[in-house]
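Student: Contents of upload.csv (CSV, N, CA, C and O atoms) are given next:
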chain,number,residue,atom,x,y,z
A,114,MET,N,109.0,125.2,149.5
A,114,MET,CA,108.7,125.9,148.3
A,114,MET,C,109.0,125.0,147.2
A,114,MET,O,110.0,124.3,147.1
A,115,LYS,N,108.1,125.0,146.2
A,115,LYS,CA,108.3,124.2,145.0
A,115,LYS,C,109.0,125.1,143.9
A,115,LYS,O,108.8,126.3,143.8
A,116,ARG,N,109.7,124.4,143.0
A,116,ARG,CA,110.4,125.1,141.9
A,116,ARG,C,110.4,124.2,140.7
A,116,ARG,O,110.6,123.0,140.8
A,117,ILE,N,110.1,124.8,139.6
A,117,ILE,CA,110.1,124.0,138.3
A,117,ILE,C,111.5,123.9,137.8
A,117,ILE,O,112.1,125.0,137.6
A,118,GLU,N,112.0,122.7,137.7
A,118,GLU,CA,113.4,122.6,137.2
A,118,GLU,C,113.5,122.3,135.7
A,118,GLU,O,114.4,122.8,135.1
A,119,ASN,N,112.6,121.6,135.2
A,119,ASN,CA,112.5,121.2,133.8
A,119,ASN,C,111.1,121.3,133.3
A,119,ASN,O,110.2,120.8,134.1
A,120,ALA,N,110.9,121.7,132.1
A,120,ALA,CA,109.5,121.7,131.6
A,120,ALA,C,109.5,121.7,130.0
A,120,ALA,O,110.3,122.4,129.4
A,121,CYS,N,108.6,120.9,129.5
A,121,CYS,CA,108.4,120.9,128.0
A,121,CYS,C,107.0,120.5,127.7
A,121,CYS,O,106.3,120.0,128.6
A,122,LEU,N,106.6,120.8,126.5
A,122,LEU,CA,105.2,120.5,126.0
A,122,LEU,C,105.3,119.5,124.9
A,122,LEU,O,106.2,119.6,124.1
A,123,GLU,N,104.4,118.6,124.9
A,123,GLU,CA,104.3,117.7,123.7
A,123,GLU,C,103.0,118.1,123.0
A,123,GLU,O,101.9,118.0,123.7
A,124,GLN,N,103.0,118.5,121.8
A,124,GLN,CA,101.9,118.9,121.1
A,124,GLN,C,101.6,118.1,119.8
A,124,GLN,O,102.6,117.7,119.2
A,125,THR,N,100.4,118.0,119.5
A,125,THR,CA,100.0,117.4,118.2
A,125,THR,C,99.3,118.5,117.4
A,125,THR,O,98.3,119.1,117.8
A,126,LEU,N,99.9,118.9,116.3
A,126,LEU,CA,99.4,120.0,115.5
A,126,LEU,C,98.8,119.5,114.2
A,126,LEU,O,99.4,118.6,113.6
A,127,LEU,N,97.7,120.0,113.8
A,127,LEU,CA,97.0,119.7,112.6
A,127,LEU,C,97.0,120.9,111.7
A,127,LEU,O,96.3,121.9,112.0
A,128,PHE,N,97.7,120.9,110.6
A,128,PHE,CA,97.6,121.9,109.6
A,128,PHE,C,96.6,121.5,108.6
A,128,PHE,O,96.8,120.6,107.8
A,129,SER,N,95.4,122.0,108.7
A,129,SER,CA,94.2,121.5,108.1
A,129,SER,C,94.0,122.0,106.7
A,129,SER,O,94.6,123.0,106.3
A,130,VAL,N,93.0,121.4,106.0
A,130,VAL,CA,92.7,121.7,104.6
A,130,VAL,C,91.9,123.0,104.6
A,130,VAL,O,91.2,123.4,105.5
A,131,HIS,N,92.1,123.7,103.4
A,131,HIS,CA,91.3,124.9,103.1
A,131,HIS,C,90.4,124.5,101.9
A,131,HIS,O,90.9,124.2,100.9
A,132,GLU,N,89.1,124.5,102.2
A,132,GLU,CA,88.2,123.9,101.2
A,132,GLU,C,88.1,124.7,99.9
A,132,GLU,O,87.6,124.2,98.9
A,133,HIS,N,88.5,126.0,99.9
A,133,HIS,CA,88.3,126.8,98.7
A,133,HIS,C,89.5,126.7,97.7
A,133,HIS,O,89.4,127.4,96.7
A,134,ILE,N,90.5,125.9,98.0
A,134,ILE,CA,91.6,125.8,97.0
A,134,ILE,C,91.8,124.3,96.6
A,134,ILE,O,91.3,123.4,97.3
A,135,SER,N,92.6,124.1,95.6
A,135,SER,CA,92.8,122.7,95.1
A,135,SER,C,93.7,121.9,96.1
A,135,SER,O,94.3,122.5,97.0
A,136,LEU,N,93.7,120.6,95.9
A,136,LEU,CA,94.4,119.7,96.8
A,136,LEU,C,95.9,120.0,96.8
A,136,LEU,O,96.5,120.1,97.9
A,137,GLU,N,96.5,120.2,95.6
A,137,GLU,CA,97.9,120.5,95.5
A,137,GLU,C,98.3,121.8,96.2
A,137,GLU,O,99.2,121.9,96.9
A,138,ALA,N,97.4,122.8,95.9
A,138,ALA,CA,97.7,124.1,96.5
A,138,ALA,C,97.5,124.0,98.0
A,138,ALA,O,98.3,124.7,98.8
A,139,ASP,N,96.6,123.2,98.5
A,139,ASP,CA,96.4,123.1,99.9
A,139,ASP,C,97.6,122.4,100.6
A,139,ASP,O,98.0,122.8,101.7
A,140,ARG,N,98.1,121.4,100.0
A,140,ARG,CA,99.3,120.7,100.5
A,140,ARG,C,100.5,121.7,100.6
A,140,ARG,O,101.2,121.7,101.6
A,141,GLU,N,100.6,122.5,99.6
A,141,GLU,CA,101.7,123.5,99.6
A,141,GLU,C,101.5,124.5,100.7
A,141,GLU,O,102.5,124.9,101.4
A,142,ALA,N,100.3,125.0,100.8
A,142,ALA,CA,100.0,125.9,101.9
A,142,ALA,C,100.3,125.4,103.3
A,142,ALA,O,100.8,126.0,104.2
A,143,ASN,N,99.9,124.1,103.5
A,143,ASN,CA,100.1,123.4,104.8
A,143,ASN,C,101.6,123.3,105.1
A,143,ASN,O,102.1,123.5,106.2
A,144,HIS,N,102.4,122.9,104.1
A,144,HIS,CA,103.8,122.8,104.3
A,144,HIS,C,104.5,124.1,104.5
A,144,HIS,O,105.4,124.2,105.4
A,145,GLN,N,104.0,125.2,103.9
A,145,GLN,CA,104.5,126.5,104.1
A,145,GLN,C,104.2,127.0,105.5
A,145,GLN,O,105.0,127.6,106.2
A,146,GLU,N,103.0,126.7,106.0
A,146,GLU,CA,102.6,127.1,107.3
A,146,GLU,C,103.4,126.4,108.4
A,146,GLU,O,103.8,126.9,109.4
A,147,TYR,N,103.7,125.1,108.1
A,147,TYR,CA,104.5,124.3,109.0
A,147,TYR,C,105.9,124.8,109.1
A,147,TYR,O,106.5,125.0,110.1
A,148,ALA,N,106.5,125.2,107.9
A,148,ALA,CA,107.8,125.7,107.9
A,148,ALA,C,107.9,127.1,108.6
A,148,ALA,O,108.9,127.3,109.3
A,149,GLN,N,106.9,127.9,108.5
A,149,GLN,CA,106.8,129.2,109.2
A,149,GLN,C,106.8,128.9,110.7
A,149,GLN,O,107.4,129.6,111.5
A,150,TYR,N,106.0,127.9,111.2
A,150,TYR,CA,105.9,127.6,112.6
A,150,TYR,C,107.3,127.2,113.1
A,150,TYR,O,107.7,127.7,114.2
A,151,LYS,N,108.1,126.4,112.3
A,151,LYS,CA,109.4,126.0,112.8
A,151,LYS,C,110.4,127.2,112.8
A,151,LYS,O,111.2,127.3,113.7
A,152,ARG,N,110.2,128.1,111.8
A,152,ARG,CA,111.1,129.3,111.7
A,152,ARG,C,110.8,130.2,113.0
A,152,ARG,O,111.8,130.8,113.5
A,153,GLN,N,109.6,130.3,113.4
A,153,GLN,CA,109.2,131.1,114.5
A,153,GLN,C,109.9,130.5,115.8
A,153,GLN,O,110.4,131.3,116.6
A,154,MET,N,109.9,129.2,115.9
A,154,MET,CA,110.5,128.6,117.1
A,154,MET,C,112.0,128.8,117.0
A,154,MET,O,112.7,129.1,118.1
A,155,ASP,N,112.6,128.7,115.9
A,155,ASP,CA,114.1,129.0,115.7
A,155,ASP,C,114.4,130.4,116.0
A,155,ASP,O,115.4,130.7,116.7
A,156,GLN,N,113.6,131.4,115.6
A,156,GLN,CA,113.8,132.8,115.9
A,156,GLN,C,113.8,133.1,117.4
A,156,GLN,O,114.5,133.9,117.9
A,157,LYS,N,112.9,132.4,118.1
A,157,LYS,CA,112.7,132.6,119.5
A,157,LYS,C,113.8,131.8,120.3
A,157,LYS,O,113.8,131.8,121.5
A,158,ARG,N,114.6,131.0,119.5
A,158,ARG,CA,115.6,130.2,120.1
A,158,ARG,C,115.0,129.1,121.1
A,158,ARG,O,115.5,128.8,122.1
A,159,MET,N,113.9,128.7,120.7
A,159,MET,CA,113.1,127.7,121.5
A,159,MET,C,113.6,126.3,121.1
A,159,MET,O,113.8,126.0,119.9
A,160,LYS,N,113.9,125.5,122.0
A,160,LYS,CA,114.4,124.1,121.7
A,160,LYS,C,113.1,123.3,121.4
A,160,LYS,O,112.1,123.4,122.0
A,161,TYR,N,113.3,122.4,120.3
A,161,TYR,CA,112.1,121.6,120.0
A,161,TYR,C,112.7,120.3,119.3
A,161,TYR,O,113.8,120.3,118.8
A,162,GLN,N,111.8,119.3,119.2
A,162,GLN,CA,112.1,118.1,118.6
A,162,GLN,C,110.8,117.6,117.8
A,162,GLN,O,109.8,117.5,118.4
A,163,VAL,N,110.9,117.4,116.5
A,163,VAL,CA,109.8,116.8,115.8
A,163,VAL,C,109.8,115.3,116.0
A,163,VAL,O,110.7,114.6,115.6
A,164,LEU,N,108.7,114.9,116.5
A,164,LEU,CA,108.6,113.4,116.8
A,164,LEU,C,108.0,112.7,115.6
A,164,LEU,O,108.4,111.5,115.4
A,165,ALA,N,107.0,113.3,114.9
A,165,ALA,CA,106.4,112.6,113.8
A,165,ALA,C,105.8,113.6,112.9
A,165,ALA,O,105.3,114.6,113.3
A,166,GLU,N,105.8,113.3,111.6
A,166,GLU,CA,105.1,114.1,110.6
A,166,GLU,C,104.3,113.1,109.7
A,166,GLU,O,104.9,112.1,109.3
A,167,GLU,N,103.1,113.5,109.5
A,167,GLU,CA,102.2,112.6,108.7
A,167,GLU,C,101.3,113.4,107.8
A,167,GLU,O,100.6,114.3,108.3
A,168,GLU,N,101.4,113.1,106.5
A,168,GLU,CA,100.5,113.8,105.5
A,168,GLU,C,99.3,113.0,105.3
A,168,GLU,O,99.4,111.8,104.8
A,169,ASN,N,98.1,113.5,105.5
A,169,ASN,CA,96.9,112.7,105.3
A,169,ASN,C,96.4,112.8,103.8
A,169,ASN,O,96.9,113.7,103.1
A,170,ALA,N,95.5,111.9,103.4
A,170,ALA,CA,95.1,111.9,102.1
A,170,ALA,C,94.3,113.1,101.6
A,170,ALA,O,94.3,113.5,100.5
A,171,ASP,N,93.7,113.8,102.6
A,171,ASP,CA,93.0,115.1,102.3
A,171,ASP,C,93.9,116.3,102.2
A,171,ASP,O,93.4,117.4,102.0
A,172,GLY,N,95.2,116.1,102.3
A,172,GLY,CA,96.2,117.2,102.2
A,172,GLY,C,96.6,117.8,103.5
A,172,GLY,O,97.4,118.7,103.6
A,173,SER,N,95.9,117.5,104.6
A,173,SER,CA,96.3,118.0,105.9
A,173,SER,C,97.6,117.4,106.4
A,173,SER,O,98.0,116.3,106.0
A,174,LEU,N,98.2,118.1,107.3
A,174,LEU,CA,99.5,117.7,107.8
A,174,LEU,C,99.4,117.6,109.3
A,174,LEU,O,99.0,118.5,110.0
A,175,LEU,N,99.7,116.4,109.8
A,175,LEU,CA,99.7,116.1,111.3
A,175,LEU,C,101.1,116.0,111.8
A,175,LEU,O,101.9,115.2,111.3
A,176,VAL,N,101.4,116.8,112.8
A,176,VAL,CA,102.8,116.9,113.3
A,176,VAL,C,102.8,116.8,114.8
A,176,VAL,O,102.0,117.5,115.4
A,177,LYS,N,103.7,115.9,115.3
A,177,LYS,CA,103.9,115.8,116.7
A,177,LYS,C,105.2,116.4,117.1
A,177,LYS,O,106.2,116.1,116.5
A,178,VAL,N,105.2,117.4,118.0
A,178,VAL,CA,106.4,118.1,118.4
A,178,VAL,C,106.5,118.2,119.9
A,178,VAL,O,105.5,118.3,120.7
A,179,ARG,N,107.7,118.0,120.4
A,179,ARG,CA,108.1,118.3,121.8
A,179,ARG,C,108.9,119.6,121.8
A,179,ARG,O,109.9,119.7,121.1
A,180,ARG,N,108.4,120.5,122.6
A,180,ARG,CA,109.1,121.8,122.6
A,180,ARG,C,109.3,122.4,124.0
A,180,ARG,O,108.6,122.0,124.9
A,181,GLN,N,110.2,123.3,124.1
A,181,GLN,CA,110.5,124.0,125.3
A,181,GLN,C,109.3,124.8,125.8
A,181,GLN,O,108.6,125.4,125.0
A,182,TYR,N,109.0,124.8,127.1
A,182,TYR,CA,108.0,125.6,127.7
A,182,TYR,C,108.6,126.8,128.3
A,182,TYR,O,109.4,126.7,129.2
A,183,ASN,N,108.2,128.0,127.8
A,183,ASN,CA,108.7,129.3,128.2
A,183,ASN,C,110.2,129.2,128.2
A,183,ASN,O,110.8,128.8,127.1
A,184,THR,N,110.9,129.5,129.2
A,184,THR,CA,112.4,129.5,129.2
A,184,THR,C,112.9,128.5,130.1
A,184,THR,O,114.1,128.5,130.4
A,185,TYR,N,112.1,127.6,130.6
A,185,TYR,CA,112.6,126.5,131.5
A,185,TYR,C,113.5,125.6,130.8
A,185,TYR,O,113.4,125.3,129.6
A,186,PRO,N,114.5,125.0,131.5
A,186,PRO,CA,115.4,124.1,130.9
A,186,PRO,C,114.6,122.8,130.5
A,186,PRO,O,113.7,122.4,131.1
A,187,CYS,N,115.0,122.2,129.4
A,187,CYS,CA,114.3,121.0,128.9
A,187,CYS,C,115.3,119.9,128.4
A,187,CYS,O,114.9,119.1,127.6
A,188,ASP,N,116.5,120.0,128.8
A,188,ASP,CA,117.6,119.2,128.2
A,188,ASP,C,117.3,117.7,128.4
A,188,ASP,O,117.7,116.9,127.6
A,189,GLN,N,116.7,117.3,129.5
A,189,GLN,CA,116.5,115.9,129.7
A,189,GLN,C,115.4,115.4,128.8
A,189,GLN,O,115.3,114.2,128.7
A,190,TYR,N,114.6,116.2,128.2
A,190,TYR,CA,113.5,115.8,127.4
A,190,TYR,C,113.8,115.9,125.9
A,190,TYR,O,113.3,115.1,125.1
A,191,ILE,N,114.6,116.8,125.5
A,191,ILE,CA,115.0,117.1,124.1
A,191,ILE,C,116.4,116.9,124.0
A,191,ILE,O,117.3,117.6,124.5
A,192,LYS,N,116.8,116.0,123.1
A,192,LYS,CA,118.2,115.7,122.9
A,192,LYS,C,118.6,116.2,121.6
A,192,LYS,O,118.0,116.3,120.6
Please express the file's structure as structure tokens.
Tutor:
Amino acid sequence: MKRIENACLEQTLLFSVHEHISLEADREANHQEYAQYKRQMDQKRMKYQVLAEEENADGSLLVKVRRQYNTYPCDQYIK
């Protein structure tokens, strides 16, 4: 019988531009959406690690995250 002992996901998230608002407002909206995403993971007590954050010239935000998958242990992946 097989058993999952550890599991995590590595994701690349793009918080993209909204064409109907200004560049500055778009940047602010993307940062707020990203902060909300992190708050949700904190509320669920999900372990995660931000690997990279990059703001593009068009105002979009590219974030690489390693996070816990379901409730499986992930201690060897996330320090």
Student: Can you pull out the residues contacting Glu123 (chain A)? Cut-off 6 Å, using only N, CA, C and O atoms, and skip same-chain residues under 6 positions away; I want them as a CSV table (one decimal) with N, CA, C and O atoms, in the coordinates of the input.
Tutor:
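Printed below is around19.csv as written:
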chain,number,residue,atom,x,y,z
A,178,VAL,N,105.2,117.4,118.0
A,178,VAL,CA,106.4,118.1,118.4
A,178,VAL,C,106.5,118.2,119.9
A,178,VAL,O,105.5,118.3,120.7
A,179,ARG,N,107.7,118.0,120.4
A,179,ARG,CA,108.1,118.3,121.8
A,179,ARG,C,108.9,119.6,121.8
A,179,ARG,O,109.9,119.7,121.1
A,180,ARG,N,108.4,120.5,122.6
A,180,ARG,CA,109.1,121.8,122.6
A,180,ARG,C,109.3,122.4,124.0
A,180,ARG,O,108.6,122.0,124.9
Student: Let me make sure I understand: among A:Val163, A:Met114, A:Gln145, A:Lys157, which one has the smallest atom-to-atom distance to Val176 (chain A) if we use all atoms listed in the file?
Tutor: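 Ranked by minimum distance to Val176 (chain A), first place goes to A:Val163.
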Student: Taking into account only N, CA, C and O atoms, which residue in the set A:Leu174, A:Gln162, A:Ala142, A:Tyr147 is nearest to Ile191 (chain A)?
Tutor: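 Of the candidates, the smallest distance to Ile191 (chain A) is held by A:Gln162.
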Student: Return the single residue from A:Leu126, A:Lys115, A:Glu137, A:Ala120 that is closest to Gly172 (chain A), with distances computed using only C-alpha atoms.
Tutor: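 Of the candidates, the smallest distance to Gly172 (chain A) is held by A:Glu137.
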Student: From the list A:Glu146, A:Glu118, A:Glu166, A:Asp139, which residue is nearest Asp188 (chain A) when using only C-alpha atoms?
Tutor: A:Glu118
Student: Restricting the calculation to all atoms listed in the file: of A:Lys192, A:Leu175, A:Glu132, A:Ala148, which residue gets closest to Tyr161 (chain A)?
Tutor: A:Lys192
Student: Find, counting all atoms listed in the file, the residue in A:Thr184, A:Tyr190, A:Arg116, A:Asn143 that gets nearest to Ser129 (chain A).
Tutor: A:Asn143
Student: Just to confirm, what's the straight-line distance from CA of Ile134 (chain A) to CA of Ala170 (chain A) in Å (one decimal)?
Tutor: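 It comes out at 15.2 Å.
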Student: Could you pull out the strand (DSSP E or B) residues of chain A, going by DSSP on the backbone, and write them as a ChimeraX atom specification?
Tutor: /A:121-128,161-168,174-181
Student: Create the file for the chosen residues now, containing N, CA, C and O atoms and written as a compact mmCIF listing (two decimals), in the frame of the given file.
Tutor:
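Contents of again.txt, as written:
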# COMPACT_ATOMS: atom_id res chain seq x y z
N CYS A 121 108.60 120.90 129.50
CA CYS A 121 108.40 120.90 128.00
C CYS A 121 107.00 120.50 127.70
O CYS A 121 106.30 120.00 128.60
N LEU A 122 106.60 120.80 126.50
CA LEU A 122 105.20 120.50 126.00
C LEU A 122 105.30 119.50 124.90
O LEU A 122 106.20 119.60 124.10
N GLU A 123 104.40 118.60 124.90
CA GLU A 123 104.30 117.70 123.70
C GLU A 123 103.00 118.10 123.00
O GLU A 123 101.90 118.00 123.70
N GLN A 124 103.00 118.50 121.80
CA GLN A 124 101.90 118.90 121.10
C GLN A 124 101.60 118.10 119.80
O GLN A 124 102.60 117.70 119.20
N THR A 125 100.40 118.00 119.50
CA THR A 125 100.00 117.40 118.20
C THR A 125 99.30 118.50 117.40
O THR A 125 98.30 119.10 117.80
N LEU A 126 99.90 118.90 116.30
CA LEU A 126 99.40 120.00 115.50
C LEU A 126 98.80 119.50 114.20
O LEU A 126 99.40 118.60 113.60
N LEU A 127 97.70 120.00 113.80
CA LEU A 127 97.00 119.70 112.60
C LEU A 127 97.00 120.90 111.70
O LEU A 127 96.30 121.90 112.00
N PHE A 128 97.70 120.90 110.60
CA PHE A 128 97.60 121.90 109.60
C PHE A 128 96.60 121.50 108.60
O PHE A 128 96.80 120.60 107.80
N TYR A 161 113.30 122.40 120.30
CA TYR A 161 112.10 121.60 120.00
C TYR A 161 112.70 120.30 119.30
O TYR A 161 113.80 120.30 118.80
N GLN A 162 111.80 119.30 119.20
CA GLN A 162 112.10 118.10 118.60
C GLN A 162 110.80 117.60 117.80
O GLN A 162 109.80 117.50 118.40
N VAL A 163 110.90 117.40 116.50
CA VAL A 163 109.80 116.80 115.80
C VAL A 163 109.80 115.30 116.00
O VAL A 163 110.70 114.60 115.60
N LEU A 164 108.70 114.90 116.50
CA LEU A 164 108.60 113.40 116.80
C LEU A 164 108.00 112.70 115.60
O LEU A 164 108.40 111.50 115.40
N ALA A 165 107.00 113.30 114.90
CA ALA A 165 106.40 112.60 113.80
C ALA A 165 105.80 113.60 112.90
O ALA A 165 105.30 114.60 113.30
N GLU A 166 105.80 113.30 111.60
CA GLU A 166 105.10 114.10 110.60
C GLU A 166 104.30 113.10 109.70
O GLU A 166 104.90 112.10 109.30
N GLU A 167 103.10 113.50 109.50
CA GLU A 167 102.20 112.60 108.70
C GLU A 167 101.30 113.40 107.80
O GLU A 167 100.60 114.30 108.30
N GLU A 168 101.40 113.10 106.50
CA GLU A 168 100.50 113.80 105.50
C GLU A 168 99.30 113.00 105.30
O GLU A 168 99.40 111.80 104.80
N LEU A 174 98.20 118.10 107.30
CA LEU A 174 99.50 117.70 107.80
C LEU A 174 99.40 117.60 109.30
O LEU A 174 99.00 118.50 110.00
N LEU A 175 99.70 116.40 109.80
CA LEU A 175 99.70 116.10 111.30
C LEU A 175 101.10 116.00 111.80
O LEU A 175 101.90 115.20 111.30
N VAL A 176 101.40 116.80 112.80
CA VAL A 176 102.80 116.90 113.30
C VAL A 176 102.80 116.80 114.80
O VAL A 176 102.00 117.50 115.40
N LYS A 177 103.70 115.90 115.30
CA LYS A 177 103.90 115.80 116.70
C LYS A 177 105.20 116.40 117.10
O LYS A 177 106.20 116.10 116.50
N VAL A 178 105.20 117.40 118.00
CA VAL A 178 106.40 118.10 118.40
C VAL A 178 106.50 118.20 119.90
O VAL A 178 105.50 118.30 120.70
N ARG A 179 107.70 118.00 120.40
CA ARG A 179 108.10 118.30 121.80
C ARG A 179 108.90 119.60 121.80
O ARG A 179 109.90 119.70 121.10
N ARG A 180 108.40 120.50 122.60
CA ARG A 180 109.10 121.80 122.60
C ARG A 180 109.30 122.40 124.00
O ARG A 180 108.60 122.00 124.90
N GLN A 181 110.20 123.30 124.10
CA GLN A 181 110.50 124.00 125.30
C GLN A 181 109.30 124.80 125.80
O GLN A 181 108.60 125.40 125.00
Student: Quick check, in Å to one decimal: how far apart do atom O of Gln189 (chain A) and atom N of Glu168 (chain A) lie?
Tutor: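 A separation of 26.2 Å between them.
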Student: For atom N of Gln124 (chain A) and atom O of Pro186 (chain A), quote the distance in Å rounded to one decimal.
Tutor: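 Going from atom N of Gln124 (chain A) over to atom O of Pro186 (chain A), I get 14.7 Å.
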Student: Can you pull out every residue from chain A that DSSP, working from the backbone, puts in helix (DSSP H, G or I), and format the result as a PDB file with N, CA, C and O atoms, in the coordinates of the input?
Tutor:
ATOM      1  N   LEU A 136      93.700 120.600  95.900  1.00  0.00           N
ATOM      2  CA  LEU A 136      94.400 119.700  96.800  1.00  0.00           C
ATOM      3  C   LEU A 136      95.900 120.000  96.800  1.00  0.00           C
ATOM      4  O   LEU A 136      96.500 120.100  97.900  1.00  0.00           O
ATOM      5  N   GLU A 137      96.500 120.200  95.600  1.00  0.00           N
ATOM      6  CA  GLU A 137      97.900 120.500  95.500  1.00  0.00           C
ATOM      7  C   GLU A 137      98.300 121.800  96.200  1.00  0.00           C
ATOM      8  O   GLU A 137      99.200 121.900  96.900  1.00  0.00           O
ATOM      9  N   ALA A 138      97.400 122.800  95.900  1.00  0.00           N
ATOM     10  CA  ALA A 138      97.700 124.100  96.500  1.00  0.00           C
ATOM     11  C   ALA A 138      97.500 124.000  98.000  1.00  0.00           C
ATOM     12  O   ALA A 138      98.300 124.700  98.800  1.00  0.00           O
ATOM     13  N   ASP A 139      96.600 123.200  98.500  1.00  0.00           N
ATOM     14  CA  ASP A 139      96.400 123.100  99.900  1.00  0.00           C
ATOM     15  C   ASP A 139      97.600 122.400 100.600  1.00  0.00           C
ATOM     16  O   ASP A 139      98.000 122.800 101.700  1.00  0.00           O
ATOM     17  N   ARG A 140      98.100 121.400 100.000  1.00  0.00           N
ATOM     18  CA  ARG A 140      99.300 120.700 100.500  1.00  0.00           C
ATOM     19  C   ARG A 140     100.500 121.700 100.600  1.00  0.00           C
ATOM     20  O   ARG A 140     101.200 121.700 101.600  1.00  0.00           O
ATOM     21  N   GLU A 141     100.600 122.500  99.600  1.00  0.00           N
ATOM     22  CA  GLU A 141     101.700 123.500  99.600  1.00  0.00           C
ATOM     23  C   GLU A 141     101.500 124.500 100.700  1.00  0.00           C
ATOM     24  O   GLU A 141     102.500 124.900 101.400  1.00  0.00           O
ATOM     25  N   ALA A 142     100.300 125.000 100.800  1.00  0.00           N
ATOM     26  CA  ALA A 142     100.000 125.900 101.900  1.00  0.00           C
ATOM     27  C   ALA A 142     100.300 125.400 103.300  1.00  0.00           C
ATOM     28  O   ALA A 142     100.800 126.000 104.200  1.00  0.00           O
ATOM     29  N   ASN A 143      99.900 124.100 103.500  1.00  0.00           N
ATOM     30  CA  ASN A 143     100.100 123.400 104.800  1.00  0.00           C
ATOM     31  C   ASN A 143     101.600 123.300 105.100  1.00  0.00           C
ATOM     32  O   ASN A 143     102.100 123.500 106.200  1.00  0.00           O
ATOM     33  N   HIS A 144     102.400 122.900 104.100  1.00  0.00           N
ATOM     34  CA  HIS A 144     103.800 122.800 104.300  1.00  0.00           C
ATOM     35  C   HIS A 144     104.500 124.100 104.500  1.00  0.00           C
ATOM     36  O   HIS A 144     105.400 124.200 105.400  1.00  0.00           O
ATOM     37  N   GLN A 145     104.000 125.200 103.900  1.00  0.00           N
ATOM     38  CA  GLN A 145     104.500 126.500 104.100  1.00  0.00           C
ATOM     39  C   GLN A 145     104.200 127.000 105.500  1.00  0.00           C
ATOM     40  O   GLN A 145     105.000 127.600 106.200  1.00  0.00           O
ATOM     41  N   GLU A 146     103.000 126.700 106.000  1.00  0.00           N
ATOM     42  CA  GLU A 146     102.600 127.100 107.300  1.00  0.00           C
ATOM     43  C   GLU A 146     103.400 126.400 108.400  1.00  0.00           C
ATOM     44  O   GLU A 146     103.800 126.900 109.400  1.00  0.00           O
ATOM     45  N   TYR A 147     103.700 125.100 108.100  1.00  0.00           N
ATOM     46  CA  TYR A 147     104.500 124.300 109.000  1.00  0.00           C
ATOM     47  C   TYR A 147     105.900 124.800 109.100  1.00  0.00           C
ATOM     48  O   TYR A 147     106.500 125.000 110.100  1.00  0.00           O
ATOM     49  N   ALA A 148     106.500 125.200 107.900  1.00  0.00           N
ATOM     50  CA  ALA A 148     107.800 125.700 107.900  1.00  0.00           C
ATOM     51  C   ALA A 148     107.900 127.100 108.600  1.00  0.00           C
ATOM     52  O   ALA A 148     108.900 127.300 109.300  1.00  0.00           O
ATOM     53  N   GLN A 149     106.900 127.900 108.500  1.00  0.00           N
ATOM     54  CA  GLN A 149     106.800 129.200 109.200  1.00  0.00           C
ATOM     55  C   GLN A 149     106.800 128.900 110.700  1.00  0.00           C
ATOM     56  O   GLN A 149     107.400 129.600 111.500  1.00  0.00           O
ATOM     57  N   TYR A 150     106.000 127.900 111.200  1.00  0.00           N
ATOM     58  CA  TYR A 150     105.900 127.600 112.600  1.00  0.00           C
ATOM     59  C   TYR A 150     107.300 127.200 113.100  1.00  0.00           C
ATOM     60  O   TYR A 150     107.700 127.700 114.200  1.00  0.00           O
ATOM     61  N   LYS A 151     108.100 126.400 112.300  1.00  0.00           N
ATOM     62  CA  LYS A 151     109.400 126.000 112.800  1.00  0.00           C
ATOM     63  C   LYS A 151     110.400 127.200 112.800  1.00  0.00           C
ATOM     64  O   LYS A 151     111.200 127.300 113.700  1.00  0.00           O
ATOM     65  N   ARG A 152     110.200 128.100 111.800  1.00  0.00           N
ATOM     66  CA  ARG A 152     111.100 129.300 111.700  1.00  0.00           C
ATOM     67  C   ARG A 152     110.800 130.200 113.000  1.00  0.00           C
ATOM     68  O   ARG A 152     111.800 130.800 113.500  1.00  0.00           O
ATOM     69  N   GLN A 153     109.600 130.300 113.400  1.00  0.00           N
ATOM     70  CA  GLN A 153     109.200 131.100 114.500  1.00  0.00           C
ATOM     71  C   GLN A 153     109.900 130.500 115.800  1.00  0.00           C
ATOM     72  O   GLN A 153     110.400 131.300 116.600  1.00  0.00           O
ATOM     73  N   MET A 154     109.900 129.200 115.900  1.00  0.00           N
ATOM     74  CA  MET A 154     110.500 128.600 117.100  1.00  0.00           C
ATOM     75  C   MET A 154     112.000 128.800 117.000  1.00  0.00           C
ATOM     76  O   MET A 154     112.700 129.100 118.100  1.00  0.00           O
ATOM     77  N   ASP A 155     112.600 128.700 115.900  1.00  0.00           N
ATOM     78  CA  ASP A 155     114.100 129.000 115.700  1.00  0.00           C
ATOM     79  C   ASP A 155     114.400 130.400 116.000  1.00  0.00           C
ATOM     80  O   ASP A 155     115.400 130.700 116.700  1.00  0.00           O
ATOM     81  N   GLN A 156     113.600 131.400 115.600  1.00  0.00           N
ATOM     82  CA  GLN A 156     113.800 132.800 115.900  1.00  0.00           C
ATOM     83  C   GLN A 156     113.800 133.100 117.400  1.00  0.00           C
ATOM     84  O   GLN A 156     114.500 133.900 117.900  1.00  0.00           O
TER      85      GLN A 156
END
Student: Name all residues at most 6 Å from Gln181 (chain A) (count only C-alpha atoms; drop same-chain ones fewer than 3 positions away) and give them as a list in words.
Tutor: Cys121, Met159 and Lys160 of chain A
